Amino acid sequence: MAEPVAAMCDQLIKAVNVMMDAESSQRYRLEALKFCEEFKEKCPFCVPCGLQLADKAQSPVIRHFGLQILEHVIKFRWNNMPPQEKVQLKNCAMGLLSNGTRPIMEEESHIKDVLSRIVVEMIKREWPQHWPDMLTELEALTGLGEAQTELVMLILLRLAEDVVTFQTLPTQRRKDIQQTLTQNMESVFKRVPSQELKAKAHCRVGVATLNTLAGYIDWVALAHITNENCRLLEMLCLLLGGTAECLLSWQEGECGLGVGRAVSRKGKLEDRKPLMLLFDDVAMHYILSAAQSADGAAVASPLSSTQSGEVVGVVERDYTFLKRLCQVLCALGSQLCALVGSSVEVEVPANLHKYLEAFLAFTTHPSQFLRSSTQITWGTLFRHEVLSKDPVIVKMTVRYLNATVHNLVKTGFPSKNDSPSCEYSRVDFDNNEDFNSFFNSFRAQQGEVVLSAPRIVPLEAFHIAEEGLQVQISAPIDVGTTASKTAEGLCSVLSPSAVQWDAMTFFSESVVGQLFKTTDKEKLPIDQGMELMQAVLNYSTRDPLILSCVLTNVSTLFPFVTHRPEYLPQVLYKLFGSITFEVVEESKAPRTRSVKNVRRHACSSIIKMCRDYPQFILPCFDMLYTHVKTLFANELLLTQMEKCALMEALVLISNQFKDYAKQEAFLQELMAPVAQRWQSEETTRVLWDPVQFLAHVGADQTSIDPIAEDMTGISRSRISFCVYTVLGVVKRARWPADPDEAEAGGFVWGRSPSGAPALRNPCSAQVLSLLPNLLALIRTHNNLFLPENMARLSETFTRAYEVMDVEKNLVLGLPQPVLDIYDSPVYKTTLERMQGFFCTLYDNCFHILGNAGPSLQQDFYTIDGLAEKIVNSALVNLDNVPDHRLRPLLHILLL
């Protein structure tokens, strides 16, 4: 048999050399590959050939191929082999482990890898039933030297990965092996951390040991990790603080990973109690020393320049270690919060301040990623029933809030060099869009924490917000190098002043809201709040991005005004002035997104004030109504949405009349222009006939000149305004919540058999008179999808009923453009305008029906033939209506 085996080995060596030779032709390579694969599948000499080729006298390529042959045999022929051949192959494999490899510093890593795979494949098939002494044999191998110890670590790591992590075994085999592993963890863990890291060879063993530990530490019993008073974690902390040359490699990061994963473990509280050892002075000293060492290596680079003036990049190795160490501190904080105040009676650590100092250092680090990694732990600390009252935490809360003011500033784009964060962002993010998406999530995280922190120090938090806003108010506008394209001297979204205002506004919005929720009325800083509000109201700017922030702060600080009513007119004038805001007066160009945001922001602020403080604003109703009528006199001054917003605000205040007749008269006057247009002969004819409707809105026109487009655009706008107005009134008009006030004001028209008052809405008469044409519009809209009406769409508008691109992107989660989008005028194609018209109009019609029941109550439900009317309008031609148009029907189902 020796001669055939030798001959076959010679042929295999030649074939492998042909495959690996760069000068071999493609044809010869394929033939050699085919020969090798057929050998592994069919030849009966696989085992002896594999062992002969795996001899360490062969070249690494041939040895690797020989070991692959053995692995193939175990994977695909093991079950068909006689028991004696299995034993022989197992003994040969163990022989390769003991004396079949070269010294640890000379052996190829791929040889070690495939050799460990061979043993693991046998373990998966034989242990523990047919190979009970496997662990004992591996333990004996570790006594032969560092090369064998490293191989044993690789075997244990791969075994844990296959069994626990990736679960590549059949269920029953996996359970058997994992159960046996769990039972033998004590002996494994006694061996794993026992190597000394003094020489390079031992360093290799340490690397393998730490990797193996990482494979087990997530799932073994906590008792093995906390054994001997957390001896394992103590040693890992010692490694973190090591200064030997070997620890300057990534191995230091592996120690951090091991500690982090160990401390992150869940389980019974009493089993996790020993983890508090890491708050002792010794462990904390090594953790902090390692952080300072790595931070010095990773931070110094981007903050300093070489003599030639070139900025040195981040040392990724040290930065990775910092991330892992940050995970350790986060995990420690989570364990602290879980244990303190629990049934296991863990006291607040005496050196909690040291831990918090280290943790705050990561929160103030230039890396935005590291900052974000700390947020969840901060929030848990601030919400903790016991820890949040500790004086150390209270002091640290103020420092955290001061840090957050700076962290909220959006800086660190990888394409820029205007911040130390940029260097780190180039490591963490591929482009500006990725960074922007991350930062938006990071800011949301900070917002949640900032909502918790002011509950601990509400007044201090307000003072931080007050000082920050005053700084912004007094500072000149800095447009930076990315000025607006709209007009000279205006900011873009990345201008220094814009990002500073945006951050400070977000912070103050979070803080002030909590101030009024958590502070007694007599302790509120009313004078300081009104001083700040006065400064905000007096601040004048023509920059839309800054003005939008100013308006947010007006809304945020408005609760202070409820204590100083004399300032209300000034607030309203500020908001009304912003409703008609323009950067360039009398410009024919479409407004930029930032200008639209200012106007929309002002409208929303007025609605919010009228919704939340209607009784407070009621004395100014006449002034508001007069101003609104003045604005409405110029039809082109406001958009239809802006007009509807102001009407909603007036309706909200009118609810405070608490007089049915007076409120009904007001609503009739307010809706008179809408009712006149909606019920006109021309509008009725258009709403009831799909053909005329398409012509009226311009959807059947192919080539539209500017004048014709303007006319059809006005027609669409007027229809939309009528529907918006009806929706606003139906949503906002209500009777008094107090039954006595409702009865005194004439809102009760009768009583139910049980004696409950039957209330009426002062808008009922107006809305019901408009309902027939609304139902006709819904029926007409459904009939637009009939084939004959679809054919009437011009080539320009064949896609008018499709889902808009912006909606598709939202559904698919595709990011919108994030940079400089606020500077460009918002140009929409005629198709986009038509799509928006049909989509919004259809949705709003169903919103009206959905709100009519709760709003009008019996006045709606007692309409003669209501069910038939709805069936003949909303439910007409549903077979042809696209699925995405059927979604608004849910508003009817909620009736």
# chains A, B, ... in the order shown; residues from 1 in each chain; ligands from 1
>>> residues_around(residues="Glu41 (chain A)", least_positions_apart="4", cutoff="10 Å", atoms="only C-alpha atoms", output="list in words")
Cys36, Glu37, Cys46, Ile69, His72, Val73, Phe76 and Arg77 of chain A
>>> residues_around(residues="Ala602 (chain A)", least_positions_apart="4", cutoff="12 Å", atoms="only C-alpha atoms", output="PyMOL selection string")
chain A and resi 544+547-555+571-581+595-598+606-609+642+645-646+649
>>> residues_around(residues="Glu357 (chain A)", least_positions_apart="5", cutoff="12 Å", atoms="only C-alpha atoms", output="MDAnalysis selection string")
chainID A and resid 284 288 291 329 351:352 362:364 392:393 395:397 399:400
>>> closest_residue(among="A:Ser508, A:Gln183, A:Gln58, A:Thr136", to="Asn402 (chain A)", atoms="only C-alpha atoms")
A:Ser508
>>> select_by_dssp(residues="region 362-609 of chain A", states="helix (DSSP H, G or I)", output="number ranges by chain")
A: 362-363, 368-373, 375-383, 387-389, 391-407, 421-428, 432-455, 458-474, 496-518, 521-523, 526-538, 544-561, 565-579, 593-609
>>> atom_distance(atom1="CA of Met671 (chain A)", atom2="CA of Leu638 (chain A)")
17.1 Å
